[in-house]
file my_file-v2.csv (CSV, C-alpha atoms and all ligand atoms)
chain,number,residue,atom,x,y,z
L,1,ILE,CA,-5.8,9.5,-26.5
L,2,GLY,CA,-2.3,10.1,-25.3
L,3,GLY,CA,-1.1,6.5,-25.3
L,4,VAL,CA,-4.5,5.3,-24.1
L,5,THR,CA,-6.7,3.4,-26.6
L,6,VAL,CA,-10.1,4.8,-27.5
L,7,ALA,CA,-13.2,2.7,-27.1
L,8,ARG,CA,-15.6,2.9,-30.0
L,9,ASN,CA,-18.6,3.2,-27.7
L,10,ASP,CA,-17.1,6.3,-26.2
L,11,VAL,CA,-17.3,8.2,-29.5
L,12,VAL,CA,-19.7,6.6,-31.9
L,13,ARG,CA,-23.4,6.5,-31.6
L,14,ASP,CA,-24.2,3.0,-32.9
L,15,ASP,CA,-27.2,4.1,-35.0
L,16,ASP,CA,-25.4,7.0,-36.7
L,17,PRO,CA,-25.7,6.5,-40.4
L,18,THR,CA,-22.8,8.7,-41.2
L,19,ASN,CA,-20.3,6.7,-39.2
L,20,ASN,CA,-17.9,4.7,-41.5
L,21,VAL,CA,-15.1,4.0,-39.1
L,22,PRO,CA,-14.4,0.2,-38.8
L,23,ASP,CA,-13.0,-1.3,-35.7
L,24,SER,CA,-9.7,-2.0,-37.4
L,25,ILE,CA,-9.2,1.8,-37.7
L,26,PHE,CA,-10.5,2.5,-34.2
L,27,SER,CA,-7.9,0.2,-32.8
L,28,LYS,CA,-5.1,2.5,-34.2
L,29,LEU,CA,-6.3,5.6,-32.3
L,30,GLY,CA,-4.0,6.4,-29.4
L,31,MET,CA,-1.1,4.3,-30.6
L,32,GLN,CA,1.0,7.4,-31.2
L,33,LEU,CA,3.9,5.8,-33.1
L,34,HIS,CA,5.4,9.3,-33.4
L,35,ARG,CA,6.0,9.5,-29.7
L,36,ARG,CA,8.2,6.4,-29.5
L,37,ASP,CA,11.8,7.4,-29.6
L,38,LYS,CA,13.0,4.1,-30.9
L,39,HIS,CA,10.5,3.8,-33.7
L,40,PRO,CA,11.4,5.1,-37.2
L,41,ILE,CA,8.5,7.6,-37.1
L,42,GLY,CA,9.6,8.9,-33.7
L,43,ILE,CA,13.3,9.0,-34.8
L,44,ILE,CA,12.4,11.1,-37.9
L,45,LYS,CA,10.2,13.4,-35.8
L,46,ASN,CA,13.1,14.0,-33.4
L,47,ALA,CA,15.5,14.6,-36.3
L,48,ILE,CA,13.2,17.2,-37.8
L,49,TYR,CA,12.9,18.9,-34.3
L,50,ASP,CA,16.7,19.0,-34.2
L,51,TYR,CA,16.9,20.6,-37.6
L,52,PHE,CA,14.5,23.4,-36.6
L,53,GLU,CA,16.3,24.0,-33.4
L,54,SER,CA,19.7,24.2,-34.9
L,55,THR,CA,18.6,26.3,-37.9
L,56,TYR,CA,16.3,28.9,-36.5
L,57,ALA,CA,17.0,31.3,-33.7
L,58,LYS,CA,13.3,31.9,-33.2
L,59,LYS,CA,11.8,28.8,-31.6
L,60,PHE,CA,9.1,26.6,-33.3
L,61,GLU,CA,6.6,25.3,-30.7
L,62,THR,CA,5.8,21.6,-30.9
L,63,PHE,CA,2.5,19.9,-30.5
L,64,GLU,CA,2.1,16.1,-30.7
L,65,ASP,CA,-0.9,15.0,-28.7
L,66,LEU,CA,-3.7,17.0,-30.2
L,67,SER,CA,-6.7,14.7,-30.6
L,68,PRO,CA,-7.1,13.1,-34.1
L,69,ILE,CA,-10.9,13.3,-33.6
L,70,VAL,CA,-11.8,16.8,-35.0
L,71,THR,CA,-14.8,18.6,-36.3
L,72,THR,CA,-15.5,19.0,-40.0
L,73,LYS,CA,-15.0,22.7,-39.4
L,74,GLN,CA,-11.5,22.2,-38.2
L,75,ASN,CA,-10.6,19.6,-40.9
L,76,PHE,CA,-12.3,21.4,-43.8
L,77,ASP,CA,-14.0,24.8,-43.3
L,78,ASP,CA,-11.2,26.5,-41.3
L,79,VAL,CA,-8.7,25.7,-44.1
L,80,LEU,CA,-11.1,26.7,-46.9
L,81,VAL,CA,-11.7,23.3,-48.3
L,82,PRO,CA,-14.7,23.9,-50.8
L,83,ALA,CA,-18.0,22.3,-50.0
L,84,ASP,CA,-17.8,20.0,-53.0
L,85,HIS,CA,-14.2,18.9,-52.6
L,86,VAL,CA,-13.7,15.1,-52.9
L,87,SER,CA,-11.8,15.0,-49.6
L,88,ARG,CA,-15.1,15.7,-47.8
L,89,SER,CA,-16.8,12.6,-49.2
L,90,LEU,CA,-17.5,9.5,-47.1
L,91,ASN,CA,-15.4,7.6,-49.7
L,92,ASP,CA,-12.2,9.5,-48.8
L,93,THR,CA,-12.6,10.5,-45.1
L,94,TYR,CA,-13.6,8.6,-41.9
L,95,TYR,CA,-16.6,10.2,-40.4
L,96,VAL,CA,-17.4,9.5,-36.7
L,97,ASP,CA,-20.7,11.4,-37.2
L,98,SER,CA,-21.9,14.0,-39.7
L,99,GLN,CA,-19.9,16.8,-37.9
L,100,THR,CA,-16.9,14.8,-36.6
L,101,VAL,CA,-14.1,13.1,-38.5
L,102,LEU,CA,-10.8,11.5,-38.0
L,103,ARG,CA,-8.5,14.3,-39.2
L,104,CYS,CA,-7.2,13.6,-42.7
L,105,HIS,CA,-4.4,16.0,-42.3
L,106,THR,CA,-2.6,17.9,-39.6
L,107,SER,CA,-3.7,21.1,-41.3
L,108,ALA,CA,-6.9,20.6,-39.3
L,109,HIS,CA,-5.0,22.4,-36.4
L,110,GLN,CA,-3.7,25.4,-38.2
L,111,ALA,CA,-6.6,27.8,-37.5
L,112,GLU,CA,-7.1,26.9,-33.9
L,113,LEU,CA,-3.4,27.3,-33.1
L,114,LEU,CA,-3.3,30.7,-34.9
L,115,ARG,CA,-6.4,31.8,-32.9
L,116,GLU,CA,-4.7,30.8,-29.7
L,117,GLY,CA,-1.8,33.1,-30.6
L,118,HIS,CA,0.8,30.6,-31.9
L,119,ARG,CA,2.9,32.0,-34.7
L,120,ARG,CA,5.6,29.3,-35.4
L,121,PHE,CA,4.8,25.7,-34.8
L,122,LEU,CA,5.2,22.1,-35.7
L,123,VAL,CA,2.2,19.7,-35.2
L,124,THR,CA,2.8,16.0,-35.4
L,125,GLY,CA,0.1,13.3,-35.3
L,126,ASP,CA,-1.7,10.4,-36.8
L,127,VAL,CA,-4.0,11.1,-39.8
L,128,TYR,CA,-6.6,8.9,-41.4
L,129,ARG,CA,-7.6,8.4,-45.0
L,130,ARG,CA,-9.7,5.9,-46.9
L,131,ASP,CA,-7.5,4.8,-49.8
L,132,SER,CA,-6.3,2.0,-52.1
L,133,ILE,CA,-3.9,-0.7,-50.8
L,134,ASP,CA,-0.3,-1.0,-51.8
L,135,SER,CA,3.2,-0.7,-50.3
L,136,THR,CA,3.1,3.1,-49.8
L,137,HIS,CA,-0.5,3.5,-48.7
L,138,TYR,CA,-2.1,2.7,-45.4
L,139,PRO,CA,-5.3,4.1,-43.9
L,140,VAL,CA,-3.5,5.6,-40.9
L,141,PHE,CA,-0.2,7.4,-41.3
L,142,HIS,CA,1.6,10.3,-39.6
L,143,GLN,CA,2.1,13.9,-40.7
L,144,MET,CA,4.0,16.9,-39.4
L,145,GLU,CA,2.6,20.3,-40.1
L,146,GLY,CA,4.9,23.3,-40.0
L,147,PHE,CA,3.6,26.8,-39.9
L,148,CYS,CA,5.5,30.1,-39.8
L,149,VAL,CA,4.1,33.7,-39.7
L,150,PHE,CA,6.2,36.6,-40.9
L,151,SER,CA,5.8,40.4,-40.2
L,152,PRO,CA,6.4,43.3,-42.6
L,153,GLU,CA,9.9,43.9,-41.0
L,154,ASP,CA,10.9,40.4,-42.2
L,155,TRP,CA,10.3,41.0,-45.9
L,156,ASN,CA,10.7,44.8,-46.1
L,157,GLU,CA,14.4,44.7,-45.8
L,158,SER,CA,14.7,42.0,-48.4
L,159,GLY,CA,13.1,44.3,-51.0
L,160,LYS,CA,10.9,41.4,-52.1
L,161,ASP,CA,7.2,41.1,-52.3
L,162,SER,CA,5.8,39.3,-49.3
L,163,THR,CA,4.5,36.2,-51.1
L,164,LEU,CA,7.8,35.7,-53.0
L,165,TYR,CA,9.7,36.2,-49.7
L,166,ALA,CA,7.6,33.5,-47.9
L,167,ALA,CA,7.8,31.1,-50.9
L,168,GLU,CA,11.6,31.4,-51.1
L,169,ASP,CA,12.0,31.0,-47.3
L,170,LEU,CA,9.8,27.9,-47.4
L,171,LYS,CA,11.7,26.2,-50.1
L,172,LYS,CA,15.0,27.0,-48.5
L,173,CYS,CA,13.7,25.6,-45.2
L,174,LEU,CA,12.5,22.3,-46.7
L,175,GLU,CA,15.5,21.8,-49.0
L,176,GLY,CA,17.7,22.3,-45.9
L,177,LEU,CA,15.6,19.8,-44.1
L,178,ALA,CA,15.9,17.2,-46.8
L,179,ARG,CA,19.7,17.6,-46.8
L,180,HIS,CA,19.7,17.3,-43.0
L,181,LEU,CA,17.8,14.0,-43.2
L,182,PHE,CA,19.2,12.5,-46.4
L,183,GLY,CA,22.4,14.2,-47.2
L,184,ALA,CA,22.5,14.0,-51.0
L,185,VAL,CA,19.2,13.0,-52.4
L,186,GLU,CA,17.5,13.6,-55.8
L,187,MET,CA,14.5,15.8,-55.3
L,188,ARG,CA,12.2,18.0,-57.4
L,189,TRP,CA,9.5,20.6,-56.8
L,190,VAL,CA,6.2,20.2,-58.5
L,191,ASP,CA,3.5,23.0,-58.7
L,192,THR,CA,0.2,21.8,-57.3
L,193,TYR,CA,-3.1,23.0,-55.7
L,194,PHE,CA,-4.2,23.1,-52.1
L,195,PRO,CA,-7.2,25.0,-51.0
L,196,PHE,CA,-5.3,26.6,-48.1
L,197,THR,CA,-2.1,27.8,-49.9
L,198,GLU,CA,-1.3,29.8,-53.0
L,199,PRO,CA,1.2,29.2,-54.6
L,200,SER,CA,1.4,25.5,-53.6
L,201,PHE,CA,4.1,23.0,-54.1
L,202,GLU,CA,4.9,19.3,-53.6
L,203,LEU,CA,8.4,17.9,-53.0
L,204,GLU,CA,9.2,14.6,-54.5
L,205,ILE,CA,12.1,12.3,-53.7
L,206,TYR,CA,13.6,9.7,-56.0
L,207,PHE,CA,13.1,6.3,-54.4
L,208,LYS,CA,13.1,2.8,-55.9
L,209,GLU,CA,13.1,4.0,-59.5
L,210,ASP,CA,10.2,6.3,-59.0
L,211,TRP,CA,9.3,9.8,-57.7
L,212,LEU,CA,7.7,9.7,-54.3
L,213,GLU,CA,5.7,12.6,-53.0
L,214,VAL,CA,6.8,13.3,-49.5
L,215,LEU,CA,5.3,16.7,-48.6
L,216,GLY,CA,2.9,19.4,-49.6
L,217,CYS,CA,3.4,23.1,-48.8
L,218,GLY,CA,2.8,26.7,-49.9
L,219,VAL,CA,2.1,30.3,-48.9
L,220,THR,CA,-0.9,30.4,-46.7
L,221,GLU,CA,-4.1,31.9,-48.1
L,222,GLN,CA,-4.6,35.4,-46.7
L,223,ARG,CA,-8.2,34.5,-45.6
L,224,ILE,CA,-6.8,32.0,-43.1
L,225,LEU,CA,-4.5,34.6,-41.5
L,226,LYS,CA,-7.3,37.2,-41.5
L,227,GLN,CA,-9.5,34.9,-39.3
L,228,SER,CA,-6.9,35.5,-36.6
L,229,GLY,CA,-6.4,39.2,-37.1
L,230,LEU,CA,-3.1,38.7,-39.1
L,231,GLU,CA,-4.1,40.6,-42.2
L,232,ASN,CA,-0.8,42.4,-42.3
L,233,ASN,CA,1.2,39.3,-42.2
L,234,VAL,CA,2.2,36.5,-44.5
L,235,ALA,CA,2.9,32.8,-43.7
L,236,TRP,CA,4.0,29.5,-45.0
L,237,ALA,CA,2.9,26.0,-44.2
L,238,PHE,CA,3.9,22.5,-45.0
L,239,GLY,CA,2.7,19.0,-44.3
L,240,LEU,CA,5.2,16.2,-44.3
L,241,GLY,CA,4.4,12.5,-44.6
L,242,LEU,CA,6.5,10.8,-42.0
L,243,GLU,CA,6.1,7.2,-43.2
L,244,ARG,CA,7.2,8.2,-46.7
L,245,LEU,CA,10.3,10.0,-45.4
L,246,ALA,CA,11.1,7.1,-43.2
L,247,MET,CA,10.7,4.6,-46.0
L,248,VAL,CA,13.3,6.5,-48.0
L,249,LEU,CA,15.6,7.2,-45.1
L,250,PHE,CA,15.7,3.7,-43.5
L,251,ASP,CA,15.0,1.7,-46.7
L,252,ILE,CA,11.7,0.3,-45.4
L,253,PRO,CA,10.0,-1.5,-48.3
L,254,ASP,CA,6.4,-1.7,-47.0
L,255,ILE,CA,4.4,0.8,-45.0
L,256,ARG,CA,2.7,-2.0,-43.0
L,257,LEU,CA,6.0,-2.6,-41.2
L,258,PHE,CA,5.6,0.5,-39.1
L,259,TRP,CA,2.8,-1.2,-37.3
L,260,SER,CA,4.7,-4.4,-36.7
L,261,ASP,CA,5.6,-5.6,-33.1
L,262,ASP,CA,8.0,-8.1,-34.6
L,263,GLU,CA,11.3,-7.8,-32.8
L,264,ARG,CA,13.1,-8.4,-36.0
L,265,PHE,CA,11.7,-5.0,-37.1
L,266,THR,CA,11.6,-3.0,-33.9
L,267,SER,CA,15.1,-4.1,-32.7
L,268,GLN,CA,16.8,-2.6,-35.8
L,269,PHE,CA,16.1,1.0,-34.7
L,270,GLY,CA,17.6,3.0,-31.9
L,271,LYS,CA,16.9,6.4,-30.4
L,272,GLY,CA,18.6,9.1,-32.4
L,273,GLU,CA,20.0,6.7,-35.0
L,274,LEU,CA,19.2,8.2,-38.3
L,275,GLY,CA,21.5,6.4,-40.8
L,276,VAL,CA,20.5,2.8,-40.2
L,277,LYS,CA,19.3,0.8,-43.3
L,278,PHE,CA,16.6,-1.7,-42.6
L,279,LYS,CA,17.6,-5.3,-43.3
L,280,PRO,CA,14.5,-7.1,-44.6
L,281,PHE,CA,13.8,-10.4,-42.7
L,282,SER,CA,10.9,-11.4,-44.8
L,283,LYS,CA,11.4,-13.3,-48.0
L,284,TYR,CA,8.1,-15.0,-47.5
L,285,PRO,CA,6.3,-15.8,-50.7
L,286,PRO,CA,3.3,-13.7,-51.9
L,287,CYS,CA,0.1,-15.4,-52.7
L,288,TYR,CA,-2.1,-14.0,-55.5
L,289,LYS,CA,-5.9,-14.4,-55.6
L,290,ASP,CA,-8.2,-12.9,-58.2
L,291,ILE,CA,-11.8,-11.9,-57.7
L,292,SER,CA,-14.2,-10.7,-60.4
L,293,PHE,CA,-17.7,-9.2,-60.0
L,294,TRP,CA,-20.3,-7.0,-61.7
L,295,ILE,CA,-20.2,-3.7,-59.9
L,296,SER,CA,-23.2,-1.5,-59.0
L,297,GLU,CA,-23.4,2.2,-59.2
L,298,SER,CA,-22.4,2.7,-55.6
L,299,PHE,CA,-19.3,0.6,-55.9
L,300,THR,CA,-16.0,2.3,-55.0
L,301,GLU,CA,-12.5,0.9,-54.9
L,302,ASN,CA,-11.9,2.4,-51.4
L,303,ASN,CA,-14.9,0.5,-50.1
L,304,PHE,CA,-13.7,-2.7,-51.6
L,305,CYS,CA,-10.2,-2.2,-50.1
L,306,GLU,CA,-11.7,-1.6,-46.7
L,307,VAL,CA,-13.6,-4.9,-46.8
L,308,VAL,CA,-10.3,-6.7,-47.8
L,309,ARG,CA,-8.4,-4.9,-45.0
L,310,GLY,CA,-11.1,-5.7,-42.5
L,311,ILE,CA,-10.7,-9.4,-43.2
L,312,ALA,CA,-7.1,-9.8,-44.0
L,313,GLY,CA,-5.7,-6.9,-41.9
L,314,ASP,CA,-2.0,-6.5,-42.4
L,315,LEU,CA,-1.8,-9.8,-44.4
L,316,VAL,CA,-2.9,-7.9,-47.5
L,317,GLU,CA,0.0,-6.3,-49.4
L,318,GLU,CA,-1.7,-4.9,-52.5
L,319,VAL,CA,-5.1,-4.7,-54.2
L,320,LYS,CA,-4.9,-4.0,-57.9
L,321,LEU,CA,-7.5,-3.6,-60.6
L,322,ILE,CA,-6.3,-5.9,-63.4
L,323,ASP,CA,-9.2,-5.9,-65.7
L,324,SER,CA,-12.4,-3.9,-66.3
L,325,PHE,CA,-15.0,-4.1,-69.1
L,326,THR,CA,-18.6,-3.1,-69.8
L,327,ASN,CA,-20.8,-5.5,-71.7
L,328,LYS,CA,-23.6,-4.8,-74.2
L,329,LYS,CA,-26.2,-4.5,-71.5
L,330,GLY,CA,-24.1,-1.8,-69.8
L,331,MET,CA,-22.9,-3.9,-66.9
L,332,THR,CA,-19.4,-3.3,-65.7
L,333,SER,CA,-17.1,-6.1,-64.5
L,334,HIS,CA,-14.0,-5.6,-62.4
L,335,CYS,CA,-11.3,-8.1,-61.7
L,336,TYR,CA,-9.0,-7.4,-58.8
L,337,ARG,CA,-5.8,-9.2,-57.9
L,338,ILE,CA,-5.3,-9.4,-54.2
L,339,VAL,CA,-1.7,-10.0,-53.0
L,340,PHE,CA,-1.5,-11.7,-49.6
L,341,ARG,CA,1.8,-11.8,-47.9
L,342,SER,CA,2.8,-11.7,-44.3
L,343,MET,CA,6.0,-9.9,-43.3
L,344,GLU,CA,6.5,-12.2,-40.4
L,345,ARG,CA,5.8,-15.8,-41.6
L,346,SER,CA,4.8,-18.0,-44.4
L,347,LEU,CA,1.0,-18.2,-45.1
L,348,THR,CA,-0.5,-21.6,-45.6
L,349,ASP,CA,-2.7,-22.3,-48.7
L,350,GLU,CA,-5.6,-23.1,-46.4
L,351,GLU,CA,-5.3,-19.8,-44.6
L,352,VAL,CA,-5.2,-17.8,-47.8
L,353,ASN,CA,-8.1,-19.7,-49.3
L,354,ASP,CA,-10.1,-19.1,-46.1
L,355,LEU,CA,-9.3,-15.3,-46.3
L,356,GLN,CA,-10.3,-15.2,-49.9
L,357,SER,CA,-13.6,-17.0,-49.3
L,358,LYS,CA,-14.4,-14.6,-46.5
L,359,VAL,CA,-13.6,-11.7,-48.9
L,360,ARG,CA,-16.0,-13.1,-51.5
L,361,ASP,CA,-18.8,-13.5,-48.9
L,362,GLU,CA,-18.3,-10.1,-47.4
L,363,VAL,CA,-17.9,-8.2,-50.7
L,364,GLN,CA,-21.2,-9.7,-51.9
L,365,ARG,CA,-23.0,-9.0,-48.6
L,366,LYS,CA,-21.7,-5.4,-48.1
L,367,LEU,CA,-21.0,-3.9,-51.5
L,368,ASN,CA,-24.0,-4.9,-53.6
L,369,VAL,CA,-21.9,-6.6,-56.3
L,370,GLU,CA,-22.5,-9.8,-58.2
L,371,LEU,CA,-19.7,-12.3,-58.1
L,372,ARG,CA,-18.7,-13.9,-61.3
L,401,LIG,N1,-2.5,19.1,-45.8
L,401,LIG,C1,-1.8,18.8,-47.0
L,401,LIG,C2,-1.9,17.3,-47.3
L,401,LIG,O1,-2.2,16.6,-46.4
L,401,LIG,C3,-0.3,19.2,-47.0
L,401,LIG,C4,-0.1,20.7,-46.8
L,401,LIG,C5,0.0,21.2,-45.6
L,401,LIG,C6,-0.1,21.5,-47.9
L,401,LIG,C7,0.3,22.6,-45.4
L,401,LIG,C8,0.1,22.8,-47.8
L,401,LIG,C9,0.3,23.4,-46.6
L,401,LIG,O2,-1.8,16.8,-48.4
call {"tool": "encode", "arguments": {"input": "my_file-v2.csv", "output": "C-alpha cells"}}
result
Amino acid sequence: IGGVTVARNDVVRDDDPTNNVPDSIFSKLGMQLHRRDKHPIGIIKNAIYDYFESTYAKKFETFEDLSPIVTTKQNFDDVLVPADHVSRSLNDTYYVDSQTVLRCHTSAHQAELLREGHRRFLVTGDVYRRDSIDSTHYPVFHQMEGFCVFSPEDWNESGKDSTLYAAEDLKKCLEGLARHLFGAVEMRWVDTYFPFTEPSFELEIYFKEDWLEVLGCGVTEQRILKQSGLENNVAWAFGLGLERLAMVLFDIPDIRLFWSDDERFTSQFGKGELGVKFKPFSKYPPCYKDISFWISESFTENNFCEVVRGIAGDLVEEVKLIDSFTNKKGMTSHCYRIVFRSMERSLTDEEVNDLQSKVRDEVQRKLNVELR
C-alpha cells in the first residue's frame, strides 16, 4: 500500500473459505487515485481540503494512506454496526478472511483516530463493496470521511441543545462545501439511518434528470465518543462519495472512466482545475446480450455481477434484470441483459460473443444455476 501494489499471496491464505476477493479487486489495492493531483478524484480531494482550510480557523488533520485492509472490528463493531446488518454479509463485503475485510467505508477509521487523540480530521481512501453494475456503481470507489468533535463551550453560548448545535453546524458545513465545489446546484436533504449517527442525513444532488446520493452524515452516536473518553462532547461525521461528486462536477458519464489510462481521458484534467467539463470521446456502440437461467436458492445478483466483471472487466457497462418469473414447480427464472461497451474502442462481434460464451460457462460452473 502507498502506491505499491499488494500481492494476493501476501494477505490471503489460499484455503480460507471466507475469502471472496477476486484478483480483479486485488489489482486495485494500492492504486490510490485520490493521491494523483491531475486525476479528477485527486482534484476534488484537494478542492475539499481548500474549503476546510479557508473556512475553519481550527485545522482539520488529513489522512490519506491508511490501509484499506481492516479488521471486522474496525469496519463494523467500532461503529456499532449490528451483528445482523446486511453490510456484514459475504454478499455485500469483501472478506480477506473471517476477521479481515476490505473496508466498505472510511468510517472504519473513526474509532482508532479518536482513540489516538485526533478531534477534527478528514480521511480519504479507496473503499470496496460488492454491488450491481451500472454507470454509477463500481466495486471500488473513494470516500472522504469528515469528523469534528465539539466541547460544551462551543454549544453553551449558542443556547442550543448539543445535538441540534452539531446537526446545524454539519449541514452548514456541507452546504458550504457543495457551493464551494459546484456554485449553484440543486440539492436536498433526506433523513436516513446509519448505525453510527443519530440523527442521520443524506445529501442528494440533481444530476442527469435524477437525484444522486453524494454523501451520508449525522451526529455521532454517544457510545462511539464514550469509547474514547469523550462522554461530555458531541461530534458530527460525514462520508462523501468522491466519484459521485466528480461525475457531477466534471460531467463524467460513467464511473469506469476513473480507472482509464486512456490519454483522451487523463489529459483533460489538470492540477487545481475544478471547472473543466469532460468532453466524451467515446461514441462507440453498445452491444446487448441476454442470458436466462433458473436460479438456485444461493443465487445473488452481486455474485452474478462479479462473474461478469471477472470476465469482461471494464468492458461491461451495465447488468440489468429484465425478466423474472416463477413456474408452477416453484422454479424461478431470471433474464439479465448485459450491456458491453468499451470507452476506448469499438468491440467486434466476435469479441463480444466470446465474452458472452465465457459468461455462460462460468455462471453455470460457479453459481449453481441452470441455463435456459
Ligand atoms: N459510512 C457511511 C457510508 O458509507 C457514510 C457516513 C459517514 C454516514 C459518516 C454518517 C457518518 O454510507
call {"tool": "closest_atom_pairs", "arguments": {"input": "my_file-v2.csv", "of": "chain L", "to": "ligand LIG 401 (chain L)", "cutoff": "7 Å", "atoms": "all atoms listed in the file", "output": "JSON lines"}}
result
{"residue": "L:Cys104", "atom": "CA", "partner": "L:LIG401", "partner_atom": "O1", "distance": 6.9}
{"residue": "L:His105", "atom": "CA", "partner": "L:LIG401", "partner_atom": "O1", "distance": 4.7}
{"residue": "L:Thr106", "atom": "CA", "partner": "L:LIG401", "partner_atom": "N1", "distance": 6.3}
{"residue": "L:Ser107", "atom": "CA", "partner": "L:LIG401", "partner_atom": "N1", "distance": 5.1}
{"residue": "L:Glu145", "atom": "CA", "partner": "L:LIG401", "partner_atom": "C5", "distance": 6.1}
{"residue": "L:Phe194", "atom": "CA", "partner": "L:LIG401", "partner_atom": "C6", "distance": 6.1}
{"residue": "L:Phe196", "atom": "CA", "partner": "L:LIG401", "partner_atom": "C8", "distance": 6.6}
{"residue": "L:Thr197", "atom": "CA", "partner": "L:LIG401", "partner_atom": "C8", "distance": 5.9}
{"residue": "L:Ser200", "atom": "CA", "partner": "L:LIG401", "partner_atom": "C8", "distance": 6.5}
{"residue": "L:Leu215", "atom": "CA", "partner": "L:LIG401", "partner_atom": "C3", "distance": 6.3}
{"residue": "L:Gly216", "atom": "CA", "partner": "L:LIG401", "partner_atom": "C6", "distance": 4.0}
{"residue": "L:Cys217", "atom": "CA", "partner": "L:LIG401", "partner_atom": "C8", "distance": 3.5}
{"residue": "L:Gly218", "atom": "CA", "partner": "L:LIG401", "partner_atom": "C8", "distance": 5.2}
{"residue": "L:Ala237", "atom": "CA", "partner": "L:LIG401", "partner_atom": "C9", "distance": 4.4}
{"residue": "L:Phe238", "atom": "CA", "partner": "L:LIG401", "partner_atom": "C7", "distance": 3.6}
{"residue": "L:Gly239", "atom": "CA", "partner": "L:LIG401", "partner_atom": "C5", "distance": 3.7}
{"residue": "L:Leu240", "atom": "CA", "partner": "L:LIG401", "partner_atom": "C3", "distance": 6.8}
call {"tool": "closest_residue", "arguments": {"input": "my_file-v2.csv", "among": "L:Tyr128, L:Tyr56, L:Phe63, L:Trp211", "to": "Phe26 in chain L", "atoms": "all atoms listed in the file"}}
result
L:Tyr128
call {"tool": "residues_around", "arguments": {"input": "my_file-v2.csv", "residues": "Ser333 in chain L", "least_positions_apart": "6", "cutoff": "9 Å", "atoms": "all atoms listed in the file", "output": "list in words"}}
result
Ser292, Phe293, Trp294, Ile295, Asp323, Ser324, Phe325, Thr326, Asn327 and Arg372 of chain L
call {"tool": "closest_residue", "arguments": {"input": "my_file-v2.csv", "among": "L:Ser89, L:Ser296, L:Thr348, L:Gln364", "to": "Met331 in chain L", "atoms": "only C-alpha atoms"}}
result
L:Ser296
call {"tool": "residues_around", "arguments": {"input": "my_file-v2.csv", "residues": "Gly313 in chain L", "least_positions_apart": "4", "cutoff": "8 Å", "atoms": "only C-alpha atoms", "output": "CSV table (one decimal) with C-alpha atoms, in the frame of the given file"}}
result
chain,number,residue,atom,x,y,z
L,24,SER,CA,-9.7,-2.0,-37.4
L,308,VAL,CA,-10.3,-6.7,-47.8
L,309,ARG,CA,-8.4,-4.9,-45.0
call {"tool": "closest_residue", "arguments": {"input": "my_file-v2.csv", "among": "L:Asn353, L:Thr332, L:Ser162, L:Asn302", "to": "Leu367 in chain L", "atoms": "only C-alpha atoms"}}
result
L:Asn302
call {"tool": "residues_around", "arguments": {"input": "my_file-v2.csv", "residues": "Ile48 in chain L", "least_positions_apart": "3", "cutoff": "8 Å", "atoms": "all atoms listed in the file", "output": "short mmCIF file (atom, residue, chain, number, x, y, z; two decimals) with C-alpha atoms, in the frame of the given file"}}
result
data_model
loop_
_atom_site.label_atom_id
_atom_site.label_comp_id
_atom_site.auth_asym_id
_atom_site.auth_seq_id
_atom_site.Cartn_x
_atom_site.Cartn_y
_atom_site.Cartn_z
CA ILE L 44 12.40 11.10 -37.90
CA LYS L 45 10.20 13.40 -35.80
CA TYR L 51 16.90 20.60 -37.60
CA PHE L 52 14.50 23.40 -36.60
CA LEU L 177 15.60 19.80 -44.10
CA LEU L 181 17.80 14.00 -43.20
#
call {"tool": "closest_residue", "arguments": {"input": "my_file-v2.csv", "among": "L:Arg129, L:Arg345, L:Arg35, L:Arg223", "to": "Asp262 in chain L", "atoms": "all atoms listed in the file"}}
result
L:Arg345
call {"tool": "residues_near_point", "arguments": {"input": "my_file-v2.csv", "point": "(-23.6, 15.5, -38.8)", "cutoff": "9 Å", "atoms": "all atoms listed in the file", "output": "ChimeraX atom specification"}}
result
/L:16,18,72,95-100
call {"tool": "atom_distance", "arguments": {"input": "my_file-v2.csv", "atom1": "CA of Arg360 in chain L", "atom2": "CA of Glu306 in chain L"}}
result
13.2 Å
call {"tool": "closest_residue", "arguments": {"input": "my_file-v2.csv", "among": "L:Lys172, L:His180, L:Arg103, L:Arg188", "to": "Glu213 in chain L", "atoms": "only C-alpha atoms"}}
result
L:Arg188
call {"tool": "closest_residue", "arguments": {"input": "my_file-v2.csv", "among": "L:Asp23, L:Asp78, L:Asp251, L:Glu116", "to": "Gly310 in chain L", "atoms": "only C-alpha atoms"}}
result
L:Asp23
call {"tool": "atom_distance", "arguments": {"input": "my_file-v2.csv", "atom1": "CA of Pro22 in chain L", "atom2": "CA of Asp77 in chain L"}}
result
25.0 Å
call {"tool": "atom_distance", "arguments": {"input": "my_file-v2.csv", "atom1": "CA of Asp314 in chain L", "atom2": "CA of Leu245 in chain L"}}
result
20.8 Å
call {"tool": "residues_around", "arguments": {"input": "my_file-v2.csv", "residues": "range 27-29 of chain L", "least_positions_apart": "4", "cutoff": "12 Å", "atoms": "all atoms listed in the file", "output": "VMD selection string"}}
result
chain L and resid 1 to 8 11 21 to 23 33 65 to 69 102 to 103 125 to 128 138 to 142 258 to 259 310 313
call {"tool": "residues_around", "arguments": {"input": "my_file-v2.csv", "residues": "Glu221 in chain L", "least_positions_apart": "2", "cutoff": "12 Å", "atoms": "all atoms listed in the file", "output": "MDAnalysis selection string"}}
result
chainID L and resid 78:81 110:111 149 163 166 193:200 217:219 223:227 230:231 233:237
call {"tool": "residues_near_point", "arguments": {"input": "my_file-v2.csv", "point": "(2.5, 17.0, -34.8)", "cutoff": "7 Å", "atoms": "all atoms listed in the file", "output": "list of chain:residue names"}}
result
L:Thr62, L:Phe63, L:Glu64, L:Leu122, L:Val123, L:Thr124, L:Gly125, L:Gln143, L:Met144, L:Glu145
